[in-house]
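> Here you go, coords.cif (mmCIF, C-alpha atoms):
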```cif
data_coords
#
loop_
_atom_site.label_atom_id
_atom_site.label_comp_id
_atom_site.auth_asym_id
_atom_site.auth_seq_id
_atom_site.Cartn_x
_atom_site.Cartn_y
_atom_site.Cartn_z
CA MET A 1 95.84 100.37 99.17
CA ILE A 2 93.45 101.41 96.44
CA ASN A 3 89.86 101.26 97.49
CA ALA A 4 86.58 102.61 96.26
CA GLU A 5 86.55 105.41 98.78
CA ALA A 6 89.90 106.76 97.70
CA GLU A 7 88.82 106.41 94.09
CA GLN A 8 86.08 109.00 94.61
CA GLY A 9 87.59 110.58 97.68
CA THR A 10 88.70 114.07 98.53
CA LEU A 11 91.24 116.06 96.57
CA ALA A 12 93.96 115.06 99.04
CA SER A 13 93.11 111.37 98.95
CA ARG A 14 92.87 111.27 95.16
CA ALA A 15 96.22 113.03 94.96
CA GLY A 16 97.71 110.56 97.40
CA GLU A 17 96.45 107.66 95.38
CA LEU A 18 97.87 109.02 92.13
CA PHE A 19 101.21 109.66 93.77
CA GLU A 20 101.34 106.13 95.13
CA ARG A 21 100.62 104.80 91.66
CA TYR A 22 103.42 106.96 90.26
CA ARG A 23 105.83 105.67 92.87
CA ALA A 24 104.79 102.14 92.04
CA GLY A 25 106.00 102.76 88.49
CA GLU A 26 102.96 104.15 86.69
CA ALA A 27 104.50 107.21 85.07
CA ALA A 28 101.20 108.47 83.63
CA ALA A 29 99.80 108.96 87.13
CA MET A 30 102.11 111.97 87.54
CA GLY A 31 100.47 113.67 84.57
CA GLU A 32 97.08 113.15 86.17
CA LEU A 33 98.39 114.46 89.46
CA VAL A 34 99.62 117.64 87.77
CA ALA A 35 96.18 118.24 86.28
CA LEU A 36 94.46 117.51 89.59
CA LEU A 37 96.57 119.79 91.77
CA THR A 38 97.44 122.69 89.50
CA PRO A 39 94.34 124.79 90.38
CA ILE A 40 94.81 124.64 94.16
CA LEU A 41 98.58 125.17 93.87
CA TRP A 42 98.10 128.09 91.51
CA HIS A 43 95.84 129.84 94.00
CA THR A 44 98.09 128.93 96.91
CA VAL A 45 101.06 130.64 95.28
CA ARG A 46 99.08 133.57 93.90
CA ALA A 47 97.78 134.22 97.41
CA GLN A 48 101.41 134.91 98.39
CA ARG A 49 101.32 138.05 96.20
CA LEU A 50 103.49 136.62 93.51
CA ASP A 51 102.92 137.70 89.92
CA ARG A 52 101.53 135.23 87.40
CA GLU A 53 104.76 134.57 85.57
CA SER A 54 106.72 133.93 88.76
CA THR A 55 103.90 131.69 89.92
CA GLU A 56 104.43 129.51 86.86
CA ASP A 57 108.12 129.28 87.77
CA VAL A 58 107.31 128.38 91.35
CA LEU A 59 104.97 125.62 90.25
CA GLN A 60 107.53 124.19 87.88
CA THR A 61 110.22 124.18 90.55
CA THR A 62 107.84 122.59 93.01
CA TRP A 63 106.85 119.81 90.63
CA LEU A 64 110.46 119.13 89.75
CA ALA A 65 111.20 118.93 93.47
CA LEU A 66 108.39 116.43 93.92
CA VAL A 67 109.68 114.27 91.10
CA GLY A 68 113.21 114.57 92.45
CA HIS A 69 112.20 113.65 95.98
CA ALA A 70 109.44 111.24 95.08
CA GLU A 71 111.00 108.33 96.89
CA SER A 72 111.98 110.21 100.03
CA ILE A 73 108.53 111.55 100.83
CA ALA A 74 107.58 109.71 103.97
CA ASP A 75 103.82 109.72 103.53
CA PRO A 76 102.73 109.59 99.89
CA ARG A 77 99.12 109.99 100.99
CA ALA A 78 100.01 113.50 102.15
CA VAL A 79 101.40 114.62 98.81
CA LEU A 80 98.97 117.54 98.59
CA GLN A 81 100.14 118.91 101.94
CA TRP A 82 103.75 118.38 100.86
CA MET A 83 103.12 120.34 97.67
CA LEU A 84 101.35 123.19 99.46
CA VAL A 85 104.24 123.58 101.87
CA ALA A 86 106.85 123.32 99.13
CA ALA A 87 105.05 125.78 96.84
CA ARG A 88 104.62 128.37 99.57
CA ARG A 89 108.22 128.05 100.61
CA GLU A 90 109.43 128.49 97.04
CA ALA A 91 107.11 131.48 96.60
CA TRP A 92 108.61 133.15 99.66
CA ARG A 93 112.11 132.43 98.48
CA LEU A 94 111.32 134.16 95.20
CA LEU A 95 109.49 137.04 96.88
CA ARG A 96 112.40 137.85 99.13
CA GLY A 97 114.44 138.45 95.98
CA GLN A 98 111.68 140.26 94.12
CA THR A 99 110.59 142.74 96.72
CA ARG A 100 114.05 144.21 96.97
CA GLN A 101 114.16 144.86 93.26
CA THR A 102 110.72 145.67 91.94
CA PRO A 103 108.09 146.44 94.53
CA ALA A 104 106.20 148.47 91.92
CA GLU A 105 105.69 145.45 89.72
CA ILE A 106 104.19 143.54 92.56
CA ASP A 107 101.85 146.38 93.47
CA GLU A 108 100.44 146.65 90.00
CA ASP A 109 99.19 143.12 90.24
CA ALA A 110 95.61 143.75 91.22
CA MET A 111 94.74 140.39 92.71
CA ALA A 112 97.84 140.32 94.80
CA THR A 113 97.28 143.71 96.32
CA PRO A 114 95.40 143.80 99.61
CA ASP A 115 92.99 146.20 98.03
CA HIS A 116 89.50 146.68 99.29
CA GLN A 117 88.38 147.85 95.88
CA LEU A 118 87.51 145.71 92.94
CA PRO A 119 90.41 145.31 90.60
CA GLU A 120 89.75 147.83 87.86
CA ASN A 121 91.13 145.73 85.08
CA VAL A 122 89.01 142.71 85.84
CA ALA A 123 85.37 142.62 84.88
CA LEU A 124 83.30 140.64 87.31
CA ARG A 125 80.51 139.01 85.46
CA ASP A 126 77.65 139.59 87.81
CA ALA A 127 76.63 141.55 90.84
CA ASP A 128 76.93 138.49 93.10
CA ASP A 129 80.60 138.25 92.27
CA GLN A 130 81.08 141.89 93.08
CA VAL A 131 79.40 141.51 96.46
CA LEU A 132 81.38 138.41 97.30
CA TRP A 133 84.63 140.01 96.21
CA ALA A 134 83.93 143.08 98.32
CA HIS A 135 83.55 140.91 101.42
CA VAL A 136 86.42 138.56 100.63
CA SER A 137 88.80 141.42 100.06
CA ALA A 138 87.77 143.00 103.36
CA LEU A 139 89.08 139.95 105.25
CA PRO A 140 92.49 139.94 106.90
CA GLU A 141 95.14 138.73 104.50
CA ARG A 142 95.73 135.39 106.23
CA CYS A 143 92.01 134.65 106.10
CA ARG A 144 91.88 135.48 102.41
CA GLU A 145 94.76 133.13 101.81
CA LEU A 146 93.18 130.34 103.83
CA LEU A 147 89.76 130.60 102.17
CA ARG A 148 91.23 130.98 98.71
CA VAL A 149 93.12 127.70 99.08
CA ILE A 150 90.40 125.85 100.97
CA ALA A 151 87.85 126.80 98.33
CA PHE A 152 89.65 124.47 95.92
CA ALA A 153 89.70 121.51 98.30
CA ASP A 154 87.16 119.22 99.92
CA ARG A 155 85.79 119.59 103.41
CA PRO A 156 87.38 116.54 105.09
CA ASP A 157 90.80 117.94 104.12
CA TYR A 158 90.31 121.47 105.43
CA ALA A 159 91.96 121.03 108.83
CA GLU A 160 94.99 119.26 107.37
CA LEU A 161 95.45 121.84 104.63
CA ALA A 162 95.11 124.70 107.09
CA ARG A 163 97.90 123.10 109.06
CA ALA A 164 100.03 122.89 105.92
CA LEU A 165 99.38 126.62 105.45
CA ARG A 166 100.63 127.18 109.01
CA MET A 167 97.28 128.44 110.19
CA PRO A 168 96.47 128.02 113.90
CA ILE A 169 94.66 124.85 114.92
CA GLY A 170 90.92 125.32 114.60
CA SER A 171 91.25 127.84 111.76
CA ILE A 172 88.87 125.76 109.75
CA GLY A 173 87.45 122.25 109.95
CA PRO A 174 85.67 120.52 111.50
CA THR A 175 84.17 123.76 112.77
CA ARG A 176 83.73 126.81 110.60
CA GLY A 177 86.60 128.69 112.15
CA ARG A 178 87.13 132.42 112.41
CA CYS A 179 87.86 133.24 108.79
CA LEU A 180 84.84 131.55 107.28
CA ALA A 181 82.67 132.78 110.15
CA LYS A 182 83.73 136.36 109.48
CA LEU A 183 83.02 136.04 105.79
CA ARG A 184 79.69 134.39 106.37
CA ALA A 185 78.61 136.97 108.95
CA SER A 186 79.53 139.91 106.76
CA LEU A 187 77.84 138.36 103.72
CA THR A 188 74.63 137.55 105.54
CA ALA A 189 74.54 141.08 106.93
CA ASP A 190 74.68 142.42 103.38
CA ALA A 191 71.23 142.80 101.81
CA ARG A 192 72.74 142.42 98.34
CA TRP A 193 73.90 138.88 99.08
CA GLU A 194 71.54 136.09 98.20
CA LEU A 195 71.97 132.38 98.32
CA ARG A 196 71.10 130.62 95.16
CA MET B 197 83.27 147.97 105.72
CA ASN B 198 84.33 147.28 109.25
CA ILE B 199 84.13 143.64 110.18
CA SER B 200 84.37 144.28 113.89
CA GLU B 201 80.93 145.90 113.83
CA ILE B 202 79.28 142.75 112.63
CA PRO B 203 77.86 140.90 115.63
CA ALA B 204 77.92 137.26 116.44
CA TRP B 205 80.53 136.03 114.03
CA GLU B 206 82.64 134.69 116.87
CA SER B 207 79.95 132.27 117.95
CA LEU B 208 79.60 131.18 114.34
CA ALA B 209 83.24 130.13 114.36
CA ASP B 210 82.69 127.20 116.72
CA GLU B 211 79.78 125.69 114.84
CA PRO B 212 80.11 122.88 112.35
CA MET B 213 80.03 123.85 108.71
CA ASP B 214 76.80 123.53 106.78
CA SER B 215 75.52 123.87 103.26
CA VAL B 216 75.66 127.66 103.38
CA ASP B 217 79.39 127.47 104.08
CA ALA B 218 79.77 124.99 101.26
CA GLU B 219 78.07 127.40 98.90
CA ILE B 220 80.14 130.37 100.06
CA LEU B 221 83.32 128.41 99.46
CA ALA B 222 82.12 127.07 96.11
CA ARG B 223 81.33 130.59 94.97
CA THR B 224 84.65 131.82 96.31
CA ALA B 225 86.38 129.24 94.13
CA VAL B 226 84.40 130.38 91.08
CA LEU B 227 85.22 133.99 91.89
CA TYR B 228 88.94 133.30 92.00
CA GLU B 229 88.76 131.23 88.84
CA ARG B 230 87.27 134.25 87.09
CA LEU B 231 89.51 136.88 88.63
CA ASP B 232 92.74 134.97 88.33
CA PRO B 233 92.37 131.99 86.03
CA VAL B 234 95.01 129.31 85.81
CA PRO B 235 96.77 129.84 82.45
CA ALA B 236 95.20 127.51 79.92
CA ASP B 237 98.44 125.81 78.93
CA LEU B 238 99.97 125.60 82.40
CA VAL B 239 99.15 121.96 83.03
CA ASP B 240 100.73 120.94 79.73
CA GLN B 241 103.77 123.09 80.44
CA LEU B 242 104.24 121.53 83.84
CA ARG B 243 103.84 118.03 82.49
CA PHE B 244 106.44 118.79 79.88
CA ALA B 245 108.80 120.35 82.38
CA ILE B 246 108.87 117.23 84.50
CA SER B 247 109.18 114.93 81.54
CA LEU B 248 112.57 113.85 80.38
CA GLU B 249 112.15 115.35 76.93
CA ALA B 250 112.31 118.80 78.46
CA LEU B 251 115.63 117.92 79.97
CA GLU B 252 116.80 116.92 76.50
CA PHE B 253 117.39 113.36 77.36
CA GLU B 254 116.65 110.50 75.12
CA LEU B 255 114.66 108.05 77.12
CA ALA B 256 115.88 104.47 77.34
CA VAL B 257 113.11 102.16 78.35
CA LEU B 258 113.36 98.98 80.31
CA VAL B 259 113.17 95.76 78.39
CA VAL B 260 110.88 93.74 80.56
CA ASP B 261 111.63 90.13 81.12
CA ALA B 262 110.04 87.55 83.35
CA ASP B 263 113.03 87.26 85.66
CA ARG B 264 112.94 90.92 86.45
CA LEU B 265 109.25 90.94 87.20
CA LEU B 266 109.86 88.23 89.75
CA SER B 267 112.91 89.76 91.32
CA VAL B 268 111.68 93.33 91.51
CA ARG B 269 108.49 92.50 93.30
CA THR B 270 110.02 90.52 96.13
CA GLU B 271 111.87 91.90 99.10
CA GLN B 272 114.55 89.23 99.07
CA THR B 273 115.91 89.70 95.61
CA SER B 274 117.81 86.84 94.11
CA THR B 275 121.56 87.24 93.93
CA VAL B 276 121.82 89.04 90.59
CA GLN B 277 119.27 90.97 88.66
CA THR B 278 119.91 92.03 85.09
CA LEU B 279 118.22 95.10 83.68
CA THR B 280 118.35 96.17 80.06
CA PHE B 281 117.33 99.60 78.84
CA THR B 282 117.21 100.54 75.20
CA CYS B 283 116.73 103.55 72.99
CA ASP B 284 117.63 104.14 69.35
CA ALA B 285 121.26 104.92 69.91
CA LEU B 286 122.18 102.92 72.94
CA THR B 287 121.54 99.84 75.00
CA ILE B 288 122.38 99.96 78.68
CA MET B 289 122.71 96.69 80.57
CA VAL B 290 123.21 96.56 84.31
CA ASN B 291 123.73 93.69 86.69
CA VAL B 292 122.56 94.43 90.18
CA GLY B 293 124.22 92.22 92.76
CA SER B 294 123.66 92.08 96.48
CA GLU B 295 126.57 93.12 98.66
CA GLY B 296 125.05 92.30 102.00
CA PRO B 297 122.09 93.96 103.67
CA GLY B 298 121.35 97.42 102.38
CA HIS B 299 123.99 97.48 99.72
CA LYS B 300 124.06 96.63 96.05
CA ARG B 301 126.83 96.46 93.53
CA ILE B 302 126.13 97.48 89.97
CA ASP B 303 128.18 96.42 86.98
CA GLY B 304 127.06 97.67 83.64
CA TRP B 305 128.01 98.20 80.07
CA LEU B 306 126.94 100.29 77.15
CA ALA B 307 126.36 98.92 73.69
CA PRO B 308 127.73 99.88 71.31
CA GLY B 309 130.76 100.21 73.56
CA SER B 310 131.65 103.81 74.12
CA ALA B 311 133.43 105.90 76.71
CA GLY B 312 131.29 108.30 78.67
CA ARG B 313 130.00 109.36 82.02
CA VAL B 314 127.31 107.35 83.75
CA GLU B 315 125.23 108.86 86.53
CA LEU B 316 123.13 106.91 88.96
CA HIS B 317 120.25 109.05 90.19
CA GLN B 318 118.30 108.27 93.31
CA SER B 319 115.93 110.47 95.23
CA ASN B 320 118.57 112.25 97.25
CA ARG B 321 121.88 111.38 95.65
CA VAL B 322 123.68 111.13 92.36
CA LEU B 323 126.66 108.81 91.91
CA THR B 324 128.88 109.02 88.87
CA ALA B 325 131.17 106.55 87.17
CA ASP B 326 133.24 106.63 84.02
CA ALA B 327 132.57 104.11 81.29
CA ASP B 328 135.74 102.81 79.67
CA PRO B 329 136.15 102.77 75.86
CA ASP B 330 134.43 99.38 75.81
CA GLY B 331 131.48 100.92 77.63
CA ARG B 332 132.03 99.15 80.95
CA PHE B 333 131.25 100.90 84.21
CA ALA B 334 130.65 99.99 87.84
CA PHE B 335 129.10 101.38 91.01
CA PRO B 336 130.60 99.29 93.82
CA THR B 337 128.29 100.47 96.61
CA VAL B 338 124.72 101.48 95.94
CA GLU B 339 121.81 101.74 98.31
CA PRO B 340 118.58 100.09 97.23
CA GLY B 341 115.82 102.36 96.03
CA LEU B 342 114.23 103.91 93.00
CA THR B 343 117.00 104.49 90.53
CA ARG B 344 117.53 106.01 87.12
CA PHE B 345 120.67 106.01 85.02
CA VAL B 346 121.80 108.94 82.92
CA VAL B 347 124.49 108.33 80.32
CA ARG B 348 126.48 111.16 78.81
CA LEU B 349 128.53 109.84 75.96
CA ALA B 350 131.90 111.29 75.05
CA PRO B 351 131.55 114.61 73.21
CA GLU B 352 132.82 113.18 69.94
CA ASP B 353 129.77 110.95 69.82
CA ARG B 354 127.61 114.06 69.45
CA HIS B 355 124.68 112.36 71.05
CA ALA B 356 122.10 113.70 73.47
CA PRO B 357 122.33 112.30 76.98
CA VAL B 358 120.30 109.18 77.56
CA ALA B 359 118.21 108.67 80.65
CA THR B 360 116.55 105.45 81.67
CA THR B 361 113.17 105.05 83.18
CA MET B 362 113.17 104.66 86.95
CA VAL B 363 113.51 101.22 88.43
CA GLU B 364 113.65 99.81 91.89
CA ILE B 365 116.95 98.16 92.63
#
```
So, in terms of structure tokens, how does the structure I just supplied come out?


Amino acid sequence: MINAEAEQGTLASRAGELFERYRAGEAAAMGELVALLTPILWHTVRAQRLDRESTEDVLQTTWLALVGHAESIADPRAVLQWMLVAARREAWRLLRGQTRQTPAEIDEDAMATPDHQLPENVALRDADDQVLWAHVSALPERCRELLRVIAFADRPDYAELARALRMPIGSIGPTRGRCLAKLRASLTADARWELR
Amino acid sequence: MNISEIPAWESLADEPMDSVDAEILARTAVLYERLDPVPADLVDQLRFAISLEALEFELAVLVVDADRLLSVRTEQTSTVQTLTFTCDALTIMVNVGSEGPGHKRIDGWLAPGSAGRVELHQSNRVLTADADPDGRFAFPTVEPGLTRFVVRLAPEDRHAPVATTMVEI
């Protein structure tokens, strides 16, 4: 099962390997898996317009669900996809409750707001960031979500992860797809944007 | 800015990705890390949350013996497998017997002997049994699979619940 390729493989394959080791009885592998997947899961849930504190709750619930269902997950190699689906579902469950009660709280969360302006309370370090953010935030919401999640993964996994995010087939990987093409076109049309 | 005014992006969509795309995505990741960083202690919090300590269990670990190593790793387990878990306050011994294909019988006892509630946790089910005052308990029909036992001693024992590590039975 464990081979050199998986050892240095993509985020999804490394996650799958750690999860298999956990299921085989190596408890410490779960700790490694948490460290490996927390960034992409954080941004997956935050892209659902959930506030930071609720996002922490969602992630905890999702990890507990993984531990609780560890043995019943049919394909341990697909643990990253499983976690993306579970985290999004839990985020929606929470959002349905939240939006009824405190829409104002959600709106004040700058990153979660589909705002074409830079968030006022966040200082972007350099001009490049400001340009990139201007173009990213001009994308349709589903594209922003897709690219935000994909940005934390590795290219061979893009198509699978897009599927886990319920994006249409061909959204990204192996071809560029519409979202990344839009971002690239608008960036390259912007004289302020430079490749490093 | 209006994206629809930008020409030619649709033809870009069908091309394979290249190094420019890789850089755009890498910089997008950095951007989001700056704008919305993962809380510094989140990984530790999550690890703690899924550890047994957070659930206020005392963990009873498996006492490994050669017989078990043999029996656990083979599909056709020998007739009876004995597992022993220990922690400071309690030792949990279970005999796992085969009751035909797909079914196990578990007989166990707690030492020191004490009445309490024993739970058998598997991925999608929890079975419970009462331990008698001598600490004996049984689960007559158990499906094979990854299993953990949780023991809640009688309230007068004033002891935190004990959970075992997970084992394949």

> Would you mind listing, as a ChimeraX atom specification, all residues of chain B that have at least one atom within 8 Å of chain A, where all atoms listed in the file are what counts?

/B:197,199,202-206,208-213,216-217,219-222,224-225,227-228,230-232,234,238-239,242-243,245-246,319-320,341-342,362-363

> List the residues matched by the PyMOL selection byres ((chain A and resi 18) around 8) in the displayed structure as a PyMOL selection string, ordered by chain and then by residue number.

chain A and resi 14-17+19-22+29-30+32-33

> What is the distance, in Å and to one decimal place, between atom CA of Glu26 of chain A and atom CA of Glu339 of chain B?

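Distance between the two atoms: 22.3 Å.
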
> Here is a test: counting all atoms listed in the file, which residue of B:Pro233, B:Gly304, B:Gly293, B:Gly298 is nearest to Ala325 of chain B?

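Of the candidates, the smallest distance to Ala325 of chain B is held by B:Gly304.
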
> Residue by residue, what does the PyMOL selection byres ((chain B and resi 313-317) around 6) grab here? Present the result as a PDB file with C-alpha atoms, keeping the file's coordinate frame.


```pdb
ATOM      1  CA  GLY B 312     131.290 108.300  78.670  1.00  0.00           C
ATOM      2  CA  GLN B 318     118.300 108.270  93.310  1.00  0.00           C
ATOM      3  CA  VAL B 322     123.680 111.130  92.360  1.00  0.00           C
ATOM      4  CA  LEU B 323     126.660 108.810  91.910  1.00  0.00           C
ATOM      5  CA  THR B 324     128.880 109.020  88.870  1.00  0.00           C
ATOM      6  CA  ALA B 325     131.170 106.550  87.170  1.00  0.00           C
ATOM      7  CA  ASP B 326     133.240 106.630  84.020  1.00  0.00           C
ATOM      8  CA  ALA B 327     132.570 104.110  81.290  1.00  0.00           C
ATOM      9  CA  THR B 343     117.000 104.490  90.530  1.00  0.00           C
ATOM     10  CA  ARG B 344     117.530 106.010  87.120  1.00  0.00           C
ATOM     11  CA  PHE B 345     120.670 106.010  85.020  1.00  0.00           C
ATOM     12  CA  VAL B 346     121.800 108.940  82.920  1.00  0.00           C
ATOM     13  CA  VAL B 347     124.490 108.330  80.320  1.00  0.00           C
ATOM     14  CA  ARG B 348     126.480 111.160  78.810  1.00  0.00           C
TER      15      ARG B 348
END
```

> If you apply the PyMOL selection byres ((chain A and resi 87) around 9) to this file, what residues do you get, as a PyMOL selection string?

chain A and resi 41+44-45+58-59+61-63+82-86+88-92

> How far is it from atom CA of Val276 of chain B to atom CA of Val292 of chain B, in Å with one decimal?

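These two atoms are separated by 5.5 Å.
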
> Go ahead and compute the interatomic distance for atom CA of Val259 of chain B and atom CA of Ile288 of chain B, in Å to one decimal.

10.1 Å
